Structures are given as structure tokens and as C-alpha cells.
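Heads up, structure32.txt below (compact mmCIF, C-alpha atoms (C1' of nucleotides)):
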```
# COMPACT_ATOMS: atom_id res chain seq x y z
CA MET M 4 -29.85 -7.06 -21.57
CA SER M 5 -26.28 -8.07 -20.85
CA ASP M 6 -24.42 -6.72 -17.87
CA LEU M 7 -22.00 -4.95 -20.17
CA GLU M 8 -24.80 -3.04 -21.93
CA ASN M 9 -26.42 -2.36 -18.60
CA ILE M 10 -23.27 -0.76 -17.27
CA THR M 11 -22.51 1.22 -20.41
CA LEU M 12 -26.03 2.62 -20.27
CA LYS M 13 -25.41 3.71 -16.70
CA LEU M 14 -22.22 5.42 -17.79
CA GLU M 15 -23.92 7.15 -20.69
CA ALA M 16 -26.74 8.29 -18.44
CA ARG M 17 -24.14 10.08 -16.34
CA GLY M 18 -22.65 11.75 -19.37
CA TYR M 19 -19.56 9.56 -19.68
CA ARG M 20 -18.45 8.42 -23.10
CA ILE M 21 -18.37 4.76 -23.97
CA THR M 22 -14.92 4.20 -25.40
CA PRO M 23 -13.28 0.94 -26.52
CA SER M 24 -10.89 1.11 -23.57
CA ARG M 25 -13.70 1.46 -21.08
CA ARG M 26 -15.64 -1.38 -22.68
CA ALA M 27 -12.52 -3.54 -22.48
CA VAL M 28 -12.01 -2.80 -18.79
CA ILE M 29 -15.67 -3.39 -17.96
CA ALA M 30 -15.71 -6.63 -19.95
CA ALA M 31 -12.55 -7.80 -18.20
CA ALA M 32 -14.07 -7.01 -14.82
CA LEU M 33 -17.28 -8.84 -15.70
CA ALA M 34 -15.29 -11.82 -16.92
CA ARG M 35 -13.80 -12.29 -13.46
CA THR M 36 -16.17 -14.52 -11.55
CA GLY M 37 -14.71 -13.56 -8.19
CA HIS M 38 -12.65 -10.74 -6.81
CA PHE M 39 -9.74 -9.20 -8.69
CA THR M 40 -6.99 -6.65 -8.27
CA ALA M 41 -6.51 -3.62 -10.45
CA ASP M 42 -3.38 -5.24 -11.81
CA ASP M 43 -5.38 -8.28 -12.90
CA LEU M 44 -7.36 -6.01 -15.18
CA VAL M 45 -4.27 -4.18 -16.40
CA ASN M 46 -2.86 -7.53 -17.50
CA ARG M 47 -6.11 -8.59 -19.14
CA CYS M 48 -6.65 -5.28 -20.96
CA ARG M 49 -3.42 -5.16 -22.91
CA GLY M 50 -4.90 -2.40 -25.02
CA ALA M 51 -5.86 -0.09 -22.20
CA GLY M 52 -3.19 1.66 -20.17
CA ARG M 53 -2.63 1.41 -16.45
CA ALA M 54 -4.07 4.82 -15.75
CA THR M 55 -7.16 4.11 -17.80
CA VAL M 56 -7.83 0.88 -15.95
CA PHE M 57 -7.55 2.66 -12.61
CA ARG M 58 -9.72 5.52 -13.82
CA THR M 59 -12.36 3.12 -15.07
CA ILE M 60 -12.35 1.13 -11.85
CA ARG M 61 -12.86 4.32 -9.88
CA LEU M 62 -15.67 5.26 -12.21
CA LEU M 63 -17.33 1.89 -11.72
CA THR M 64 -16.90 2.18 -7.97
CA GLU M 65 -18.63 5.55 -8.01
CA LEU M 66 -21.39 4.03 -10.13
CA GLY M 67 -21.82 1.23 -7.62
CA VAL M 68 -21.00 -1.41 -10.20
CA VAL M 69 -17.80 -2.46 -8.52
CA CYS M 70 -17.13 -2.54 -4.81
CA ARG M 71 -13.92 -2.76 -2.83
CA VAL M 72 -13.27 -5.68 -0.49
CA LEU M 73 -10.75 -5.50 2.32
CA PHE M 74 -9.06 -8.83 2.86
CA GLU M 75 -7.91 -10.09 6.24
CA ASP M 76 -4.27 -9.54 5.28
CA GLY M 77 -5.02 -5.88 4.61
CA SER M 78 -4.99 -6.10 0.83
CA MET M 79 -7.73 -4.39 -1.15
CA ARG M 80 -9.50 -6.12 -4.01
CA TYR M 81 -12.48 -5.43 -6.21
CA LEU M 82 -15.66 -7.27 -6.95
CA VAL M 83 -18.40 -6.72 -9.52
CA SER M 84 -21.59 -6.31 -7.59
CA GLN M 85 -24.40 -4.18 -8.84
CA ARG M 86 -26.23 -3.52 -5.63
CA GLY M 87 -26.39 -0.74 -3.16
CA HIS M 88 -24.93 -0.79 0.33
CA HIS M 89 -24.05 -4.30 1.37
CA HIS M 90 -21.27 -6.31 2.98
CA HIS M 91 -19.18 -9.37 2.26
CA VAL M 92 -18.10 -12.60 3.87
CA VAL M 93 -14.67 -13.65 2.70
CA CYS M 94 -13.80 -17.33 2.95
CA THR M 95 -10.36 -17.65 4.49
CA GLY M 96 -10.05 -21.09 2.95
CA CYS M 97 -10.78 -20.63 -0.75
CA GLY M 98 -10.94 -16.84 -0.96
CA HIS M 99 -14.50 -16.88 -2.21
CA VAL M 100 -16.46 -13.72 -1.47
CA GLU M 101 -20.15 -13.82 -0.75
CA ASP M 102 -22.42 -10.80 -0.78
CA LEU M 103 -24.67 -10.33 2.20
CA ASP M 104 -28.23 -9.55 1.27
CA GLN M 105 -28.57 -6.57 3.49
CA CYS M 106 -26.81 -4.53 6.04
CA ALA M 107 -27.33 -6.66 9.10
CA ILE M 108 -26.06 -4.26 11.68
CA LYS M 109 -28.45 -1.33 11.33
CA ASP M 110 -29.90 -1.88 14.77
CA ALA M 111 -26.51 -2.26 16.36
CA LEU M 112 -25.41 0.99 14.71
CA ARG M 113 -28.35 2.89 16.13
CA GLU M 114 -27.48 1.66 19.60
CA LEU M 115 -23.86 2.67 19.10
CA SER M 116 -24.89 6.13 17.97
CA ASP M 117 -26.85 6.57 21.16
CA ALA M 118 -24.09 5.18 23.36
CA THR M 119 -21.17 7.18 21.93
CA GLY M 120 -22.77 10.50 21.06
CA TYR M 121 -21.48 10.09 17.52
CA GLU M 122 -23.78 10.57 14.59
CA VAL M 123 -22.78 7.49 12.64
CA GLU M 124 -22.90 8.30 8.93
CA GLY M 125 -21.13 5.37 7.41
CA HIS M 126 -19.41 2.15 8.23
CA TRP M 127 -17.22 -0.53 6.81
CA LEU M 128 -17.82 -4.16 7.67
CA GLU M 129 -16.06 -7.23 6.35
CA LEU M 130 -16.57 -10.73 7.70
CA TYR M 131 -14.02 -13.51 7.51
CA GLY M 132 -14.83 -17.15 7.92
CA ARG M 133 -15.01 -20.50 6.21
CA CYS M 134 -17.66 -21.41 3.69
CA ALA M 135 -19.65 -24.61 3.99
CA GLU M 136 -17.53 -26.29 1.31
CA CYS M 137 -14.22 -25.53 2.97
CA ARG M 138 -15.55 -26.69 6.29
CA ALA M 139 -16.64 -29.96 4.71
CA ARG M 140 -13.21 -30.41 3.13
CA VAL M 141 -11.20 -29.64 6.27
CA PRO M 142 -13.53 -30.54 9.12
CA ALA M 143 -12.62 -27.70 11.50
CA GLU M 144 -9.70 -28.17 13.86
CA ALA M 145 -11.58 -28.40 17.13
CA GLY M 146 -11.61 -24.94 18.61
CA ALA M 147 -8.53 -23.74 16.78
CA ARG M 148 -7.67 -20.04 16.81
CA MET V 16 3.73 0.78 36.26
CA SER V 17 4.12 2.91 33.17
CA ASP V 18 2.74 1.84 29.84
CA LEU V 19 6.23 1.61 28.45
CA GLU V 20 7.37 -0.82 31.14
CA ASN V 21 4.14 -2.71 30.78
CA ILE V 22 4.71 -3.23 27.08
CA THR V 23 8.38 -4.11 27.40
CA LEU V 24 7.44 -6.74 29.96
CA LYS V 25 4.95 -8.19 27.49
CA LEU V 26 7.67 -8.31 24.86
CA GLU V 27 10.13 -9.95 27.22
CA ALA V 28 7.52 -12.48 28.24
CA ARG V 29 7.30 -13.52 24.60
CA GLY V 30 11.03 -13.88 24.35
CA TYR V 31 11.73 -10.65 22.44
CA ARG V 32 14.69 -8.54 23.41
CA ILE V 33 14.22 -5.04 24.68
CA THR V 34 16.55 -2.94 22.58
CA PRO V 35 17.00 0.85 22.59
CA SER V 36 15.43 1.05 19.12
CA ARG V 37 12.35 -0.83 20.23
CA ARG V 38 12.02 1.30 23.34
CA ALA V 39 12.25 4.40 21.17
CA VAL V 40 9.54 3.22 18.81
CA ILE V 41 7.25 2.19 21.65
CA ALA V 42 7.82 5.48 23.46
CA ALA V 43 7.09 7.42 20.28
CA ALA V 44 3.89 5.46 19.74
CA LEU V 45 2.79 6.04 23.33
CA ALA V 46 3.55 9.74 22.99
CA ARG V 47 0.99 10.04 20.21
CA THR V 48 -2.34 10.79 21.81
CA GLY V 49 -4.33 9.86 18.73
CA HIS V 50 -3.73 7.82 15.62
CA PHE V 51 -0.47 7.89 13.71
CA THR V 52 1.12 6.55 10.56
CA ALA V 53 4.22 4.42 10.45
CA ASP V 54 6.02 7.35 8.87
CA ASP V 55 5.12 9.55 11.85
CA LEU V 56 7.11 7.18 14.01
CA VAL V 57 9.96 6.94 11.52
CA ASN V 58 10.31 10.72 11.72
CA ARG V 59 10.11 10.76 15.50
CA CYS V 60 12.61 7.92 15.99
CA ARG V 61 15.54 9.39 14.15
CA GLY V 62 17.74 6.74 15.71
CA ALA V 63 15.74 3.76 14.57
CA GLY V 64 15.59 2.81 10.91
CA ARG V 65 12.52 2.55 8.76
CA ALA V 66 12.52 -1.23 8.74
CA THR V 67 12.87 -1.38 12.50
CA VAL V 68 9.91 0.93 13.00
CA PHE V 69 7.74 -1.21 10.74
CA ARG V 70 8.95 -4.39 12.42
CA THR V 71 8.22 -3.00 15.85
CA ILE V 72 4.78 -1.79 14.84
CA ARG V 73 3.96 -5.25 13.53
CA LEU V 74 5.26 -6.72 16.76
CA LEU V 75 3.06 -4.40 18.77
CA THR V 76 0.09 -5.25 16.59
CA GLU V 77 0.63 -8.94 17.24
CA LEU V 78 0.89 -8.17 20.93
CA GLY V 79 -2.41 -6.30 20.84
CA VAL V 80 -0.79 -3.08 22.01
CA VAL V 81 -1.38 -1.27 18.75
CA CYS V 82 -4.34 -1.67 16.46
CA ARG V 83 -4.88 -0.67 12.86
CA VAL V 84 -7.64 1.73 11.90
CA LEU V 85 -9.00 1.92 8.38
CA PHE V 86 -9.98 5.46 7.47
CA GLU V 87 -12.86 6.32 5.16
CA ASP V 88 -10.43 7.36 2.42
CA GLY V 89 -8.88 3.92 2.51
CA SER V 90 -5.72 4.89 4.35
CA MET V 91 -4.48 2.74 7.22
CA ARG V 92 -3.32 4.24 10.48
CA TYR V 93 -2.32 2.96 13.88
CA LEU V 94 -3.57 3.58 17.36
CA VAL V 95 -2.22 2.57 20.77
CA SER V 96 -4.95 0.63 22.47
CA GLN V 97 -4.19 -2.09 24.97
CA ARG V 98 -7.44 -3.98 24.84
CA GLY V 99 -8.66 -7.07 23.16
CA HIS V 100 -11.08 -7.20 20.27
CA HIS V 101 -12.88 -3.92 19.82
CA HIS V 102 -13.88 -1.40 17.17
CA HIS V 103 -13.55 2.31 16.45
CA VAL V 104 -15.66 5.25 15.51
CA VAL V 105 -13.73 7.72 13.41
CA CYS V 106 -14.92 11.31 13.42
CA THR V 107 -15.05 12.54 9.82
CA GLY V 108 -14.82 16.10 11.13
CA CYS V 109 -11.78 16.19 13.39
CA GLY V 110 -10.32 12.75 12.75
CA HIS V 111 -10.61 11.74 16.37
CA VAL V 112 -10.87 8.00 16.93
CA GLU V 113 -12.94 6.59 19.74
CA ASP V 114 -12.72 3.03 20.98
CA LEU V 115 -15.96 1.15 21.37
CA ASP V 116 -16.24 -0.66 24.63
CA GLN V 117 -17.27 -3.96 23.20
CA CYS V 118 -18.02 -5.70 20.01
CA ALA V 119 -21.59 -4.62 19.43
CA ILE V 120 -22.41 -6.90 16.57
CA LYS V 121 -21.95 -10.33 18.11
CA ASP V 122 -25.63 -11.13 17.80
CA ALA V 123 -25.80 -9.92 14.24
CA LEU V 124 -22.78 -12.08 13.40
CA ARG V 125 -24.43 -15.18 14.80
CA GLU V 126 -27.47 -14.55 12.65
CA LEU V 127 -25.28 -14.04 9.61
CA SER V 128 -23.44 -17.28 10.29
CA ASP V 129 -26.73 -19.12 10.33
CA ALA V 130 -28.02 -17.38 7.21
CA THR V 131 -24.95 -17.82 5.02
CA GLY V 132 -23.60 -21.18 6.11
CA TYR V 133 -20.25 -19.53 6.81
CA GLU V 134 -18.48 -20.12 10.06
CA VAL V 135 -17.60 -16.51 10.80
CA GLU V 136 -14.22 -16.44 12.51
CA GLY V 137 -13.33 -12.80 12.36
CA HIS V 138 -14.55 -9.46 11.20
CA TRP V 139 -13.47 -5.91 10.59
CA LEU V 140 -15.76 -3.07 11.50
CA GLU V 141 -15.08 0.65 11.33
CA LEU V 142 -17.67 3.32 11.92
CA TYR V 143 -17.54 6.82 10.51
CA GLY V 144 -19.50 9.71 11.86
CA ARG V 145 -19.30 13.02 13.59
CA CYS V 146 -18.49 13.42 17.25
CA ALA V 147 -20.64 15.51 19.56
CA GLU V 148 -18.14 18.38 19.44
CA CYS V 149 -18.01 18.56 15.66
CA ARG V 150 -21.77 18.42 15.47
CA ALA V 151 -21.99 21.31 17.91
CA ARG V 152 -19.50 23.32 15.87
CA VAL V 153 -21.10 22.71 12.47
CA PRO V 154 -24.74 22.03 13.22
CA ALA V 155 -25.34 19.31 10.61
CA GLU V 156 -26.26 20.29 7.08
CA ALA V 157 -29.86 19.14 7.05
CA GLY V 158 -29.90 15.72 5.43
CA ALA V 159 -26.64 16.20 3.61
CA ARG V 160 -25.00 13.14 2.01
C1' DG Y 28 37.19 -11.87 29.46
C1' DC Y 29 35.90 -14.14 25.35
C1' DA Y 30 34.17 -17.03 21.56
C1' DG Y 31 30.01 -18.69 19.49
C1' DC Y 32 25.73 -17.95 17.77
C1' DG Y 33 21.08 -16.46 17.26
C1' DT Y 34 18.66 -12.01 17.23
C1' DT Y 35 18.22 -7.39 15.92
C1' DT Y 36 19.51 -3.48 13.31
C1' DG Y 37 19.85 0.14 9.57
C1' DA Y 38 20.51 1.14 4.81
C1' DT Y 39 18.75 0.29 0.78
C1' DA Y 40 16.25 -2.01 -2.84
C1' DT Y 41 12.02 -3.53 -4.14
C1' DC Y 42 7.10 -4.17 -4.33
C1' DG Y 43 2.09 -3.04 -4.70
C1' DT Y 44 -1.29 0.11 -5.31
C1' DG Y 45 -2.74 4.15 -6.87
C1' DT Y 46 -2.37 9.09 -8.74
C1' DC Y 47 -0.47 12.75 -11.69
C1' DT Y 48 1.26 14.76 -15.86
C1' DC Y 49 1.28 15.68 -20.48
C1' DA Y 50 1.19 15.30 -25.32
C1' DC Y 51 -1.78 13.16 -28.28
C1' DC Y 52 -6.28 11.14 -29.87
C1' DT Y 53 -11.35 10.75 -30.42
C1' DG Y 54 -15.96 11.47 -31.26
C1' DA Y 55 -20.20 14.25 -30.67
C1' DG Y 56 -22.24 18.35 -31.92
C1' DA Y 57 -22.19 22.59 -34.68
C1' DT F 8 -15.41 19.13 -42.10
C1' DC F 9 -14.08 21.53 -37.81
C1' DT F 10 -13.78 22.27 -32.95
C1' DC F 11 -12.77 21.16 -28.49
C1' DA F 12 -13.91 18.98 -24.13
C1' DG F 13 -13.25 14.67 -22.63
C1' DG F 14 -10.55 10.53 -22.82
C1' DT F 15 -6.15 7.98 -23.59
C1' DG F 16 -1.46 5.74 -22.82
C1' DA F 17 3.18 5.96 -21.26
C1' DG F 18 5.71 6.80 -17.78
C1' DA F 19 7.03 9.30 -13.61
C1' DC F 20 5.88 9.81 -9.08
C1' DA F 21 3.99 9.06 -4.24
C1' DC F 22 3.35 6.37 -0.44
C1' DG F 23 3.06 2.56 2.61
C1' DA F 24 5.06 -1.54 3.45
C1' DT F 25 8.23 -5.65 2.98
C1' DA F 26 12.70 -8.10 1.70
C1' DT F 27 17.56 -8.45 1.80
C1' DC F 28 21.89 -8.55 3.86
C1' DA F 29 26.07 -7.39 6.15
C1' DA F 30 27.17 -5.66 10.51
C1' DA F 31 26.35 -4.99 15.33
C1' DC F 32 24.46 -6.61 19.49
C1' DG F 33 23.88 -9.29 23.56
C1' DC F 34 23.07 -13.66 25.80
C1' DT F 35 25.30 -18.01 27.26
C1' DG F 36 28.67 -21.21 28.45
C1' DC F 37 33.33 -21.72 29.24
```
Translate the structure of the given file into C-alpha cells.
Amino acid sequence: MSDLENITLKLEARGYRITPSRRAVIAAALARTGHFTADDLVNRCRGAGRATVFRTIRLLTELGVVCRVLFEDGSMRYLVSQRGHHHHVVCTGCGHVEDLDQCAIKDALRELSDATGYEVEGHWLELYGRCAECRARVPAEAGAR
Amino acid sequence: MSDLENITLKLEARGYRITPSRRAVIAAALARTGHFTADDLVNRCRGAGRATVFRTIRLLTELGVVCRVLFEDGSMRYLVSQRGHHHHVVCTGCGHVEDLDQCAIKDALRELSDATGYEVEGHWLELYGRCAECRARVPAEAGAR
DNA sequence: GCAGCGTTTGATATCGTGTCTCACCTGAGA
DNA sequence: TCTCAGGTGAGACACGATATCAAACGCTGC
């Protein structure tokens, strides 16, 4: 089953209609191999309006099909990633975004809960670094930063 | 030495001039006990212009006097906090922001570096939960969320 | 005191991202 | 068919932030 069908089924299961506009937005999102901005999709879905693209993105975010990635410069982008709670490593060299298999900081969070008296219910974690390829290309300025 | 003097000295040390506008913005930021938006400061510094407030905030961010806090709804706010790298717990009840004493996920990051092949250079972590006070007030809806 | 010159300022325009509004359209079920 | 809730597109609006630019400021050397 293709990703597109997979996602439309999810939408239908929640009682949303599968319209041509929505299909177009989903297809455009799936066609992006990496991250994208909402405006990227607006430009690629000439048929669908701005509002529809934003609505569909929000829908997909709720569905867990698309997740938001915060970049180091503060900009927000999207990424197709059909998995539950997870985090990303963003390569500061090439901009590539890698999913992390699992939430690696569960233990740390438990400790923090105990230490602060807060009941930690959620968190946001983004990692920034350089992927193996970028490091090979520009062999790390000794101790820079 | 007051915080204001402390900060102006830091600015001077970097070669920035201490102007009345900058003093006003810094004073307004220090007067906020919790987090604030740039617009808060614009309203409180009637003398200083919008652009100047934004410029000064960015300056203070570079100086490590002010840090940015990402809220769960995606909005960005600022917080006076004269410490190095650290993180925050944001109370989803009252909005209070607590600094965490140290970066609690150093070990986890090292593991992630090894696992992904990325050289992790930076990260962004925000925690969301409910502070002891809020939990006392509204005694946790059993297993909600 | 004053000219020269780089820095800083404030007003305003512009941008980027996202939401809201509203008249119109669509398609699933009766 | 018909009905009508849900969906759509165009465009206005909101909001946070940056860019531009002429004018003012304030060091510095004379």
C-alpha cells in the first residue's frame, strides 16, 4: 500500500473526507524527501489555496503523519514522518534531518521530575550537529565553536 | 552591583555603546519577573522604537543575558537569565518558567552521537509540565492526556 | 569648540508564518 | 434528485520579527 493511500485511509477512519485538494497536499508533502515549509507546499499545490494547505498540514500533524522541526535559526519546518513520539537531529551543514529511533531522554526526564517537583508531561527536543558526510567533506575545524 | 550595571558593563566590554534607549530596554526586561514577549517591552519602553527593542533583545540574547523559551503552543518568549547553557520547565498551568540547574541530557547526547554518526554540537530542550503549586490546586485528572 | 565619522536610533515598510472570514462548492446519505 | 454539513479558495488580517534609511548621537582628534 502506498503512503498516500495509507494516509487517506487514516483520514477516512477519522471521518475526514478525501478531497482532491487534500490528496494534492498530501502528495506534495510525500514528494518532498526532506523537510519543507508550508509555503513550499502552497507553491507546489497550485490548485489548492493557502488556507487549505495550512489546514491540511495541521490535520496531518494531528494525525501524526507530519511533524514540526524547529531549526537552529528559530524557523519552523515540517517533515513527513509516520511514527509516534520521536526527535530529530538536524545537520547544520546540509540541512538534512534524521529521525531518532526513540526518545532517548526518558530517564533524564524522570530525574528532572523528581528534582524540580514538576510533573513533566511533555517535552521538545531538537539536536543540531553535523552528519558523517558533512564531517568527511569539511574535516572539522579543530575545536571550533 | 545591580543587574542593570552588570549588563551595561558587559555591553561596554564588547564595545557597544550604552544609550538611554538600551538602558530603558534592559531595565524593562529586568523589571519583568517572568517571561515576556518583545511586544511587552515595546509597550513598556515608549521612548524606544520597535526596531531598537528587537535589536537590543537580540544583543542581550547574544550576550547570554536573555534566553528564548519555546512554549508548547509554538510561541517564542524571552526570559532574563544570566547563566550559560541551561534548559527550562514551563508550567502548562500557570505559565511559570523554571530554570534547570544544568543540562541533564549530556550523557544521552553522547550516546546519540555514537548511535547516529552525527557530531552533536547543540540542542534545544524544553520541558512542559505542571508545577507543584498547580498540581496542588487542581489535583491531576487521573491519567488525563 | 568643532568637524569627521562610525554607531545607534525611530519610523516605517516589508516579510514569513499562520489564522479567520465568507461566499461558494462538493459529495455522501436520504 | 435533494439536502446540508463539511470543505474550499481568495483574500484580509494578526503577529512576531527583520530591513531600510535618513537623522541624531557621541567619540576622537585637532
| message | At a cut-off of 10 Å, which residues of chain Y touch chain M? Count only C-alpha atoms (C1' of nucleotides) and give the answer as an MDAnalysis selection string. | response | chainID Y and resid 43:47 53:55
Report the closest atom pair, with its distance in Å rounded to one decimal, for each residue of chain M that has an atom no farther than 12 Å from chain F; count all atoms listed in the file, sort by chain and then rising residue number, and write it as a tab-separated table.
```
residue	atom	partner	partner_atom	distance
M:Gly18	CA	F:DG13	C1'	10.4
M:Tyr19	CA	F:DG13	C1'	8.6
M:Arg20	CA	F:DG13	C1'	8.1
M:Ile21	CA	F:DG14	C1'	9.8
M:Thr22	CA	F:DG14	C1'	8.1
M:Pro23	CA	F:DT15	C1'	10.4
M:Ser24	CA	F:DT15	C1'	8.3
M:Arg25	CA	F:DG14	C1'	9.8
M:Arg49	CA	F:DG16	C1'	11.1
M:Gly50	CA	F:DG16	C1'	9.1
M:Ala51	CA	F:DG16	C1'	7.3
M:Gly52	CA	F:DG16	C1'	5.2
M:Arg53	CA	F:DG16	C1'	7.8
M:Ala54	CA	F:DG16	C1'	7.6
M:Thr55	CA	F:DT15	C1'	7.0
M:Val56	CA	F:DG16	C1'	10.6
M:Arg58	CA	F:DG14	C1'	10.3
M:Thr59	CA	F:DG14	C1'	10.9
M:Gly77	CA	F:DA24	C1'	11.0
M:Ser78	CA	F:DA24	C1'	11.3
```
Quiz prompt | Top pick for closest residue to chain V, considering M:Val72, M:Leu130, M:Leu82, M:Cys97 and counting all atoms listed in the file | solution =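 Looking at the shortest contact to chain V, the residue is M:Leu130.
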* Quick one: which residues from chain V are at most 7 Å off chain M, using all atoms listed in the file, as number ranges by chain? -> V: 119-120, 123, 132-147
- Query: Which residue, M:Cys48, M:Leu33, M:Leu66, M:Ala139, has the smallest gap to Ala16 of chain M when you use only C-alpha atoms?
  - Reply: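 Distance minimum relative to Ala16 of chain M lands on M:Leu66.
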For atom CA of Asp76 of chain M and atom CA of Arg61 of chain M, the interatomic separation in Å (one decimal):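 That distance, rounded to one decimal, is 22.3 Å.
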Separation of atom CA of Ile22 of chain V from atom CA of Ile41 of chain V, in Å and rounded to one decimal: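 Separating atom CA of Ile22 of chain V from atom CA of Ile41 of chain V is a distance of 8.1 Å.
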In Å and to one decimal, atom CA of His100 of chain V is distant from atom CA of Phe39 of chain M by 29.1 Å
